[in-house]
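Source file entry35.tsv; content: TSV, C-alpha atoms.
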```
chain	number	residue	atom	x	y	z
O	1	MET	CA	-21.96	-21.20	8.37
O	2	SER	CA	-21.12	-24.46	10.11
O	3	VAL	CA	-19.01	-25.50	7.09
O	4	LEU	CA	-17.01	-22.25	7.28
O	5	SER	CA	-16.33	-22.58	10.96
O	6	THR	CA	-15.26	-26.19	10.44
O	7	ASP	CA	-12.80	-25.11	7.73
O	8	ALA	CA	-11.45	-22.36	9.98
O	9	ASP	CA	-11.11	-24.79	12.86
O	10	ARG	CA	-9.28	-27.28	10.67
O	11	GLU	CA	-6.90	-24.56	9.44
O	12	ARG	CA	-6.12	-23.58	13.01
O	13	GLU	CA	-5.48	-27.18	13.95
O	14	GLU	CA	-3.17	-27.65	10.96
O	15	GLU	CA	-1.34	-24.46	11.87
O	16	ALA	CA	-0.95	-25.56	15.50
O	17	SER	CA	0.42	-28.89	14.30
O	18	LEU	CA	2.85	-27.16	11.92
O	19	LEU	CA	4.03	-24.86	14.71
O	20	GLU	CA	4.61	-27.79	17.02
O	21	ARG	CA	6.73	-29.54	14.40
O	22	LEU	CA	8.64	-26.34	13.62
O	23	ARG	CA	9.47	-25.86	17.29
O	24	ALA	CA	10.61	-29.46	17.48
O	25	GLY	CA	13.05	-28.69	14.62
O	26	ASP	CA	11.41	-30.99	12.08
O	27	GLU	CA	13.22	-30.31	8.80
O	28	ARG	CA	10.23	-30.99	6.53
O	29	SER	CA	8.08	-28.53	8.44
O	30	PHE	CA	10.41	-25.61	7.57
O	31	GLU	CA	10.11	-26.48	3.91
O	32	GLN	CA	6.33	-26.69	4.32
O	33	LEU	CA	6.25	-23.25	5.99
O	34	VAL	CA	8.26	-21.68	3.15
O	35	MET	CA	6.11	-23.30	0.47
O	36	LEU	CA	2.90	-22.33	2.26
O	37	HIS	CA	3.69	-18.65	2.94
O	38	GLY	CA	6.71	-17.79	0.76
O	39	GLY	CA	4.69	-16.78	-2.29
O	40	ALA	CA	2.53	-14.26	-0.42
O	41	MET	CA	5.58	-12.87	1.41
O	42	LEU	CA	7.52	-12.48	-1.84
O	43	ALA	CA	4.57	-10.62	-3.39
O	44	VAL	CA	4.52	-8.15	-0.47
O	45	ILE	CA	8.28	-7.66	-0.64
O	46	ARG	CA	8.16	-7.07	-4.39
O	47	ARG	CA	5.48	-4.44	-3.97
O	48	MET	CA	7.60	-2.66	-1.35
O	49	LEU	CA	10.89	-2.93	-3.25
O	50	GLY	CA	9.48	-2.38	-6.70
O	51	HIS	CA	10.08	-5.81	-8.22
O	52	ASP	CA	13.84	-5.57	-8.08
O	53	ALA	CA	16.48	-8.23	-7.81
O	54	ASP	CA	16.79	-7.77	-4.04
O	55	SER	CA	13.39	-9.34	-3.46
O	56	GLN	CA	14.52	-12.95	-3.21
O	57	ASP	CA	17.40	-12.02	-0.87
O	58	CYS	CA	14.93	-10.08	1.19
O	59	LEU	CA	12.59	-13.07	1.40
O	60	GLN	CA	15.49	-15.15	2.63
O	61	ASP	CA	16.24	-12.50	5.29
O	62	ALA	CA	12.57	-12.51	6.30
O	63	PHE	CA	12.52	-16.27	6.79
O	64	THR	CA	15.80	-16.16	8.70
O	65	SER	CA	14.18	-13.67	11.10
O	66	ALA	CA	11.04	-15.77	11.29
O	67	PHE	CA	12.92	-18.99	12.06
O	68	LYS	CA	14.81	-17.21	14.85
O	69	ALA	CA	11.63	-15.72	16.31
O	70	LEU	CA	9.50	-18.87	16.13
O	71	GLY	CA	10.12	-19.59	19.81
O	72	SER	CA	8.59	-16.27	20.80
O	73	PHE	CA	5.56	-16.55	18.50
O	74	GLN	CA	2.64	-16.92	20.89
O	75	GLY	CA	-0.06	-17.56	18.32
O	76	GLU	CA	-1.84	-14.29	19.13
O	77	SER	CA	-2.28	-13.79	15.38
O	78	ARG	CA	-2.40	-16.23	12.47
O	79	LEU	CA	0.95	-17.48	11.27
O	80	GLY	CA	0.38	-15.85	7.85
O	81	THR	CA	-0.31	-12.46	9.46
O	82	TRP	CA	2.83	-12.74	11.61
O	83	LEU	CA	4.98	-13.70	8.60
O	84	HIS	CA	3.43	-10.88	6.56
O	85	ARG	CA	4.62	-8.33	9.15
O	86	ILE	CA	8.07	-9.91	9.15
O	87	ALA	CA	8.19	-9.62	5.35
O	88	VAL	CA	7.20	-5.93	5.53
O	89	ASN	CA	9.90	-5.28	8.15
O	90	ALA	CA	12.51	-7.14	6.08
O	91	ALA	CA	11.63	-5.01	3.05
O	92	LEU	CA	11.94	-1.83	5.14
O	93	MET	CA	15.35	-2.99	6.42
O	94	LYS	CA	16.45	-3.62	2.84
O	95	ILE	CA	15.29	-0.16	1.76
O	96	ARG	CA	17.11	1.47	4.68
O	97	SER	CA	20.32	-0.48	4.09
O	98	ARG	CA	20.72	-0.07	0.37
O	99	LYS	CA	22.14	2.94	-1.34
O	100	ARG	CA	19.62	5.58	-2.25
O	101	ARG	CA	18.89	5.27	-5.95
O	102	PRO	CA	18.03	8.15	-8.22
O	103	GLU	CA	14.26	8.38	-8.46
O	104	ARG	CA	11.87	9.80	-10.98
O	105	PRO	CA	10.83	13.20	-9.52
O	106	ILE	CA	7.31	12.96	-8.09
O	107	GLU	CA	6.53	16.32	-9.70
O	108	ASP	CA	6.55	14.55	-13.09
O	109	LEU	CA	3.55	12.56	-11.93
O	110	LEU	CA	1.56	15.26	-10.14
O	111	PRO	CA	-1.36	17.11	-11.74
O	112	ARG	CA	-0.57	20.22	-13.78
O	113	TYR	CA	-2.39	23.51	-13.37
O	114	GLN	CA	-2.85	26.73	-15.26
O	115	ALA	CA	-1.81	30.06	-13.73
O	116	ASP	CA	-5.37	30.60	-12.42
O	117	GLY	CA	-5.30	27.31	-10.47
O	118	HIS	CA	-7.51	25.32	-12.84
O	119	ARG	CA	-6.31	21.97	-14.13
O	120	GLU	CA	-4.66	22.01	-17.54
O	121	THR	CA	-7.03	19.23	-18.58
O	122	PRO	CA	-10.55	18.48	-17.27
O	123	VAL	CA	-10.86	15.72	-14.67
O	124	PRO	CA	-12.69	12.75	-16.15
O	125	GLN	CA	-14.78	10.23	-14.27
O	126	TRP	CA	-13.43	6.70	-14.32
O	127	ALA	CA	-14.97	3.85	-16.26
O	128	VAL	CA	-14.83	1.46	-13.30
O	129	ALA	CA	-17.35	0.18	-10.80
O	130	GLN	CA	-17.68	2.30	-7.65
O	131	ASP	CA	-17.76	-0.91	-5.65
O	132	VAL	CA	-14.15	-2.14	-5.54
O	133	THR	CA	-15.25	-5.72	-5.02
O	134	ALA	CA	-16.73	-5.59	-8.54
O	135	ILE	CA	-13.44	-4.56	-10.18
O	136	ASP	CA	-11.96	-7.19	-12.48
O	137	GLU	CA	-8.48	-8.68	-12.27
O	138	ASP	CA	-7.28	-6.84	-15.40
O	139	THR	CA	-8.00	-3.51	-13.70
O	140	ARG	CA	-6.38	-4.68	-10.48
O	141	GLN	CA	-3.30	-5.58	-12.45
O	142	VAL	CA	-3.22	-2.08	-13.94
O	143	VAL	CA	-3.45	-0.62	-10.43
O	144	ARG	CA	-0.57	-2.78	-9.16
O	145	HIS	CA	1.50	-1.84	-12.20
O	146	CYS	CA	0.85	1.86	-11.56
O	147	ILE	CA	1.80	1.50	-7.88
O	148	ALA	CA	5.11	-0.03	-9.01
O	149	GLU	CA	5.73	3.07	-11.14
O	150	LEU	CA	5.70	5.39	-8.12
O	151	PRO	CA	9.10	6.57	-6.87
O	152	GLU	CA	10.17	4.39	-3.93
O	153	THR	CA	10.17	7.23	-1.36
O	154	PHE	CA	6.47	7.74	-2.03
O	155	ARG	CA	5.46	4.17	-2.85
O	156	VAL	CA	6.68	2.92	0.53
O	157	VAL	CA	4.56	5.47	2.40
O	158	LEU	CA	1.50	4.54	0.32
O	159	MET	CA	2.15	0.86	0.96
O	160	LEU	CA	2.46	1.31	4.71
O	161	ARG	CA	-0.47	3.71	5.15
O	162	ASP	CA	-3.01	2.59	2.55
O	163	ILE	CA	-2.20	-1.08	2.00
O	164	GLU	CA	-0.71	-2.24	5.30
O	165	GLU	CA	-2.99	0.18	7.17
O	166	CYS	CA	-0.26	1.39	9.53
O	167	SER	CA	-1.13	4.60	11.38
O	168	THR	CA	0.59	7.86	10.44
O	169	GLU	CA	2.58	7.69	13.69
O	170	GLU	CA	3.65	4.08	13.11
O	171	THR	CA	4.70	4.90	9.54
O	172	SER	CA	6.65	7.89	10.83
O	173	ARG	CA	8.47	5.63	13.30
O	174	LEU	CA	9.14	2.85	10.77
O	175	LEU	CA	10.54	5.21	8.15
O	176	GLU	CA	12.22	7.57	10.63
O	177	ILE	CA	10.57	10.61	9.10
O	178	SER	CA	8.28	13.22	10.66
O	179	VAL	CA	4.50	12.82	10.85
O	180	ALA	CA	4.14	15.90	8.61
O	181	ASN	CA	6.44	14.28	6.07
O	182	VAL	CA	4.40	11.06	6.11
O	183	LYS	CA	1.25	13.08	5.38
O	184	THR	CA	2.86	15.06	2.58
O	185	ARG	CA	4.34	11.98	0.92
O	186	LEU	CA	1.12	10.00	1.25
O	187	HIS	CA	-0.97	12.73	-0.35
O	188	ARG	CA	1.52	13.14	-3.21
O	189	ALA	CA	1.73	9.37	-3.70
O	190	ARG	CA	-2.07	9.17	-3.94
O	191	GLN	CA	-2.19	12.12	-6.32
O	192	ALA	CA	0.54	10.61	-8.51
O	193	LEU	CA	-1.17	7.22	-8.52
O	194	ARG	CA	-4.46	8.93	-9.40
O	195	GLU	CA	-2.78	10.61	-12.39
O	196	LEU	CA	-1.26	7.31	-13.54
O	197	LEU	CA	-4.63	5.58	-13.26
O	198	ASP	CA	-6.31	8.44	-15.11
O	199	ARG	CA	-4.43	7.41	-18.26
O	200	HIS	CA	-5.92	3.92	-18.06
O	201	LEU	CA	-9.33	4.51	-16.54
O	202	GLY	CA	-10.33	8.05	-17.51
O	203	GLU	CA	-13.33	8.21	-19.80
O	204	PRO	CA	-12.59	10.13	-23.01
Z	1	MET	CA	-22.85	33.33	13.03
Z	2	SER	CA	-20.19	31.96	10.69
Z	3	GLU	CA	-18.92	34.09	7.83
Z	4	GLN	CA	-20.51	33.23	4.47
Z	5	VAL	CA	-18.20	31.41	2.06
Z	6	THR	CA	-18.61	31.01	-1.70
Z	7	GLY	CA	-16.11	28.29	-2.54
Z	8	LEU	CA	-14.17	30.69	-4.72
Z	9	GLU	CA	-11.80	31.58	-1.90
Z	10	LEU	CA	-9.67	28.62	-3.00
Z	11	THR	CA	-8.56	27.60	-6.49
Z	12	CYS	CA	-8.95	24.01	-7.72
Z	13	GLN	CA	-5.21	23.57	-7.22
Z	14	GLU	CA	-5.51	24.60	-3.57
Z	15	VAL	CA	-8.54	22.36	-3.05
Z	16	HIS	CA	-6.54	19.41	-4.41
Z	17	GLN	CA	-3.61	20.35	-2.22
Z	18	TYR	CA	-5.75	20.26	0.95
Z	19	LEU	CA	-7.86	17.28	-0.09
Z	20	MET	CA	-6.35	14.69	2.22
Z	21	ALA	CA	-6.60	17.01	5.23
Z	22	TYR	CA	-10.19	17.82	4.17
Z	23	LEU	CA	-11.14	14.14	3.99
Z	24	GLU	CA	-9.48	13.50	7.37
Z	25	ARG	CA	-11.37	16.52	8.73
Z	26	GLU	CA	-8.11	18.05	9.91
Z	27	LEU	CA	-8.76	21.53	8.50
Z	28	PRO	CA	-10.17	24.43	10.52
Z	29	PRO	CA	-13.98	24.72	10.15
Z	30	ARG	CA	-13.80	27.71	7.78
Z	31	GLU	CA	-11.46	25.87	5.36
Z	32	GLN	CA	-13.66	22.77	5.53
Z	33	ALA	CA	-16.66	24.98	4.70
Z	34	ILE	CA	-14.84	26.66	1.79
Z	35	ILE	CA	-14.01	23.27	0.25
Z	36	ASP	CA	-17.60	22.07	0.82
Z	37	ALA	CA	-18.81	25.19	-1.01
Z	38	HIS	CA	-16.22	24.77	-3.78
Z	39	LEU	CA	-17.31	21.16	-4.34
Z	40	ALA	CA	-20.89	22.35	-4.66
Z	41	ILE	CA	-20.00	24.44	-7.72
Z	42	CYS	CA	-17.02	22.65	-9.35
Z	43	VAL	CA	-17.58	19.42	-11.30
Z	44	ASP	CA	-13.84	18.97	-11.91
Z	45	CYS	CA	-13.12	18.97	-8.18
Z	46	VAL	CA	-16.04	16.61	-7.48
Z	47	ASN	CA	-14.55	14.21	-10.03
Z	48	TYR	CA	-11.08	14.72	-8.57
Z	49	LEU	CA	-12.34	13.93	-5.06
Z	50	ALA	CA	-14.20	10.82	-6.27
Z	51	THR	CA	-11.24	9.45	-8.23
Z	52	TYR	CA	-8.84	10.29	-5.36
Z	53	GLN	CA	-10.99	8.16	-3.04
Z	54	GLN	CA	-11.27	5.43	-5.69
Z	55	THR	CA	-7.47	5.45	-5.99
Z	56	VAL	CA	-7.10	4.60	-2.31
Z	57	SER	CA	-9.76	1.88	-2.27
Z	58	MET	CA	-8.60	0.35	-5.56
Z	59	ALA	CA	-4.97	0.27	-4.42
Z	60	ARG	CA	-6.00	-1.59	-1.28
Z	61	SER	CA	-8.22	-4.01	-3.17
Z	62	ALA	CA	-5.65	-4.63	-5.94
Z	63	CYS	CA	-2.94	-5.53	-3.44
Z	64	ALA	CA	-5.21	-7.55	-1.14
Z	65	ASN	CA	-6.44	-9.62	-4.08
Z	66	ALA	CA	-3.13	-10.02	-5.91
Z	67	PRO	CA	-2.61	-13.53	-7.26
Z	68	VAL	CA	0.09	-15.37	-5.34
Z	69	ALA	CA	2.49	-17.49	-7.36
Z	70	PRO	CA	4.33	-20.32	-5.63
Z	71	ILE	CA	8.01	-19.55	-5.13
Z	72	PRO	CA	10.55	-21.51	-7.18
Z	73	ALA	CA	11.66	-24.83	-5.69
Z	74	ASP	CA	15.33	-23.79	-5.71
Z	75	LEU	CA	14.48	-20.71	-3.65
Z	76	VAL	CA	12.60	-22.87	-1.13
Z	77	GLN	CA	15.64	-25.10	-0.85
Z	78	ALA	CA	18.01	-22.12	-0.52
Z	79	ILE	CA	15.95	-20.66	2.33
Z	80	VAL	CA	15.78	-23.95	4.21
Z	81	ALA	CA	19.47	-24.61	3.59
Z	82	ALA	CA	20.38	-21.12	4.90
Z	83	ARG	CA	18.68	-22.04	8.17
Z	84	ASN	CA	20.99	-25.00	8.57
Z	85	VAL	CA	24.10	-22.93	7.86
Z	86	LYS	CA	23.26	-20.31	10.49
```

Take the structure I supplied and represent it as structure tokens, if you would.
Amino acid sequence: MSVLSTDADREREEEASLLERLRAGDERSFEQLVMLHGGAMLAVIRRMLGHDADSQDCLQDAFTSAFKALGSFQGESRLGTWLHRIAVNAALMKIRSRKRRPERPIEDLLPRYQADGHRETPVPQWAVAQDVTAIDEDTRQVVRHCIAELPETFRVVLMLRDIEECSTEETSRLLEISVANVKTRLHRARQALRELLDRHLGEP
Amino acid sequence: MSEQVTGLELTCQEVHQYLMAYLERELPPREQAIIDAHLAICVDCVNYLATYQQTVSMARSACANAPVAPIPADLVQAIVAARNVK
């Protein structure tokens, strides 16, 4: 317990020192900030943009915004949390600014039903632990791969609502779509992801 | 006295369609009760509900625990250099 709090205290002190040097314009500290947080930010951006070539440009945009806003960062959250939000916003800006690409229709990924409303195929249980903390990295990788397969329009809503834990209203505001539309897209995204995971995790 | 429901008022397809609203408890009481009753008699829908909830928790866990690779040195330099240009 005391060891943990000491580590946390030391991290905060290091962060405060880094912030001080950043605000003083110390060149090395900018490089340190990018090396320290760039990898996590790039991972978030790639998940939002679907691993495309825009990701590195987007990371650069995110850091440009962060460097400009450093003066107004009050330290009310951890630096990593603040940069994470900036990365998410940069990815959303990129999505809004780029031309709409043709997407795989979500209907291709949704469950199929017979005329009487029953599923065409029975719904299997999954061969994974109920406790998500017990799920291995191979399975997590499958999940991330399946998320990347979702059409962007739906993946972004899932990312904001289920991963970033934005509220429905906040997601509606960020994506400039109605609350009802957020709910519809989220449910379809979850259903599509469930179908994709079924192929990997469904017991025969 | 509420009207008796059997669970057969909705098909599996309809239950799946309303599942998110059901889990968020956004449906009117009668619809909530119909889905409760449906789940009591339909193994497929019980499995669907369980795997739907697993999908959400696994997605969160998979992203929260994603390995983070360091970014390439030339990208670090490009980002820092861009700061000096602007």

| query | Quick one: of O:Leu70, O:Leu33, O:Val123, O:Leu22, who's nearest to chain Z, counting all atoms listed in the file? | reply | O:Val123

| field | Distance filter 8 Å, only C-alpha atoms, chain Z against chain O, as an MDAnalysis selection string | value | chainID Z and resid 11:14 20 44:45 47:48 51:52 54:64 66 68:71 75:77 79:80 82:83

| Quick one: distance from CA of Ser77 (chain O) to CA of Ile45 (chain O) in Å, one decimal? | 20.1 Å

Calculate, to one decimal in Å, the centre and edge lengths of the box along x, y and z of the file that holds all listed atoms of region 85-101 of chain O with 8 Å of margin on each side, and present them as lines of an AutoDock Vina configuration file.
```
center_x = 13.4
center_y = -2.2
center_z = 1.6
size_x = 33.5
size_y = 31.5
size_z = 31.1
```

| field | CA of Ala189 (chain O) to CA of Phe154 (chain O), straight-line distance in Å | value |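 Those two atoms sit 5.3 Å apart.
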
| query | In Å to one decimal, how far is CA of Ala40 (chain Z) from CA of Gln17 (chain Z)? | reply |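 Separation of CA of Gln17 (chain Z) and CA of Ala40 (chain Z): 17.6 Å.
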
| field | Closest of O:Leu150, O:Ala127, O:Ala53, O:Leu160 to Glu103 (chain O) - atom-to-atom distances counting all atoms listed in the file | value |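 Of all the options, O:Leu150 lies closest to Glu103 (chain O).
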
| Which one is closest to Glu9 (chain Z): Z:Ala73, Z:Leu49, Z:Asn65, Z:Ala33? Count only C-alpha atoms. |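 For Glu9 (chain Z), the nearest of the candidates is Z:Ala33.
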
| task | Find the residues around Ile35 (chain Z) up to 8 Å (all atoms listed in the file counted), leave out those fewer than 5 positions away in its own chain, and share them as a PyMOL selection string. | result | chain Z and resi 7+10+15+22

Hey, could you patch up region 100-120 of chain O with N, CA, C and O atoms and hand it over as an mmCIF file, in the frame of the given file?
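Below you can see part_37.cif, which holds the result:
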```cif
data_model
loop_
_atom_site.group_PDB
_atom_site.id
_atom_site.type_symbol
_atom_site.label_atom_id
_atom_site.label_comp_id
_atom_site.auth_asym_id
_atom_site.auth_seq_id
_atom_site.Cartn_x
_atom_site.Cartn_y
_atom_site.Cartn_z
ATOM 1 N N ARG O 100 20.743 4.825 -1.680
ATOM 2 C CA ARG O 100 19.620 5.580 -2.250
ATOM 3 C C ARG O 100 19.801 5.665 -3.765
ATOM 4 O O ARG O 100 20.857 6.062 -4.240
ATOM 5 N N ARG O 101 18.788 5.237 -4.481
ATOM 6 C CA ARG O 101 18.890 5.270 -5.950
ATOM 7 C C ARG O 101 18.245 6.539 -6.486
ATOM 8 O O ARG O 101 17.310 7.059 -5.876
ATOM 9 N N PRO O 102 18.710 6.992 -7.630
ATOM 10 C CA PRO O 102 18.030 8.150 -8.220
ATOM 11 C C PRO O 102 16.595 7.785 -8.558
ATOM 12 O O PRO O 102 16.342 6.682 -9.061
ATOM 13 N N GLU O 103 15.674 8.663 -8.231
ATOM 14 C CA GLU O 103 14.260 8.380 -8.460
ATOM 15 C C GLU O 103 13.691 9.347 -9.481
ATOM 16 O O GLU O 103 14.162 10.468 -9.610
ATOM 17 N N ARG O 104 12.629 8.901 -10.116
ATOM 18 C CA ARG O 104 11.870 9.800 -10.980
ATOM 19 C C ARG O 104 11.262 10.885 -10.078
ATOM 20 O O ARG O 104 10.644 10.549 -9.049
ATOM 21 N N PRO O 105 11.414 12.170 -10.397
ATOM 22 C CA PRO O 105 10.830 13.200 -9.520
ATOM 23 C C PRO O 105 9.313 13.044 -9.458
ATOM 24 O O PRO O 105 8.667 12.862 -10.499
ATOM 25 N N ILE O 106 8.758 13.132 -8.259
ATOM 26 C CA ILE O 106 7.310 12.960 -8.090
ATOM 27 C C ILE O 106 6.555 14.046 -8.859
ATOM 28 O O ILE O 106 5.433 13.829 -9.320
ATOM 29 N N GLU O 107 7.192 15.208 -9.003
ATOM 30 C CA GLU O 107 6.530 16.320 -9.700
ATOM 31 C C GLU O 107 6.122 15.931 -11.123
ATOM 32 O O GLU O 107 5.124 16.431 -11.645
ATOM 33 N N ASP O 108 6.892 15.009 -11.727
ATOM 34 C CA ASP O 108 6.550 14.550 -13.090
ATOM 35 C C ASP O 108 5.192 13.871 -13.127
ATOM 36 O O ASP O 108 4.577 13.749 -14.193
ATOM 37 N N LEU O 109 4.780 13.347 -11.967
ATOM 38 C CA LEU O 109 3.550 12.560 -11.930
ATOM 39 C C LEU O 109 2.369 13.315 -11.313
ATOM 40 O O LEU O 109 1.253 12.806 -11.298
ATOM 41 N N LEU O 110 2.638 14.506 -10.807
ATOM 42 C CA LEU O 110 1.560 15.260 -10.140
ATOM 43 C C LEU O 110 0.723 16.032 -11.165
ATOM 44 O O LEU O 110 1.192 16.314 -12.274
ATOM 45 N N PRO O 111 -0.510 16.381 -10.787
ATOM 46 C CA PRO O 111 -1.360 17.110 -11.740
ATOM 47 C C PRO O 111 -0.764 18.468 -12.109
ATOM 48 O O PRO O 111 -0.040 19.076 -11.312
ATOM 49 N N ARG O 112 -1.067 18.920 -13.315
ATOM 50 C CA ARG O 112 -0.570 20.220 -13.780
ATOM 51 C C ARG O 112 -1.708 21.225 -13.818
ATOM 52 O O ARG O 112 -2.844 20.872 -14.161
ATOM 53 N N TYR O 113 -1.368 22.459 -13.484
ATOM 54 C CA TYR O 113 -2.390 23.510 -13.370
ATOM 55 C C TYR O 113 -2.021 24.730 -14.210
ATOM 56 O O TYR O 113 -0.842 25.010 -14.436
ATOM 57 N N GLN O 114 -3.060 25.448 -14.589
ATOM 58 C CA GLN O 114 -2.850 26.730 -15.260
ATOM 59 C C GLN O 114 -2.542 27.792 -14.195
ATOM 60 O O GLN O 114 -2.696 27.536 -12.995
ATOM 61 N N ALA O 115 -2.168 28.982 -14.656
ATOM 62 C CA ALA O 115 -1.810 30.060 -13.730
ATOM 63 C C ALA O 115 -2.971 30.431 -12.802
ATOM 64 O O ALA O 115 -2.757 30.854 -11.661
ATOM 65 N N ASP O 116 -4.216 30.220 -13.255
ATOM 66 C CA ASP O 116 -5.370 30.600 -12.420
ATOM 67 C C ASP O 116 -5.789 29.476 -11.459
ATOM 68 O O ASP O 116 -6.806 29.594 -10.764
ATOM 69 N N GLY O 117 -5.007 28.373 -11.429
ATOM 70 C CA GLY O 117 -5.300 27.310 -10.470
ATOM 71 C C GLY O 117 -6.241 26.237 -10.992
ATOM 72 O O GLY O 117 -6.543 25.271 -10.285
ATOM 73 N N HIS O 118 -6.705 26.389 -12.240
ATOM 74 C CA HIS O 118 -7.510 25.320 -12.840
ATOM 75 C C HIS O 118 -6.591 24.262 -13.420
ATOM 76 O O HIS O 118 -5.484 24.569 -13.848
ATOM 77 N N ARG O 119 -7.097 23.033 -13.506
ATOM 78 C CA ARG O 119 -6.310 21.970 -14.130
ATOM 79 C C ARG O 119 -6.070 22.285 -15.594
ATOM 80 O O ARG O 119 -6.912 22.904 -16.252
ATOM 81 N N GLU O 120 -4.926 21.816 -16.106
ATOM 82 C CA GLU O 120 -4.660 22.010 -17.540
ATOM 83 C C GLU O 120 -5.643 21.224 -18.382
ATOM 84 O O GLU O 120 -5.999 21.626 -19.479
#
```
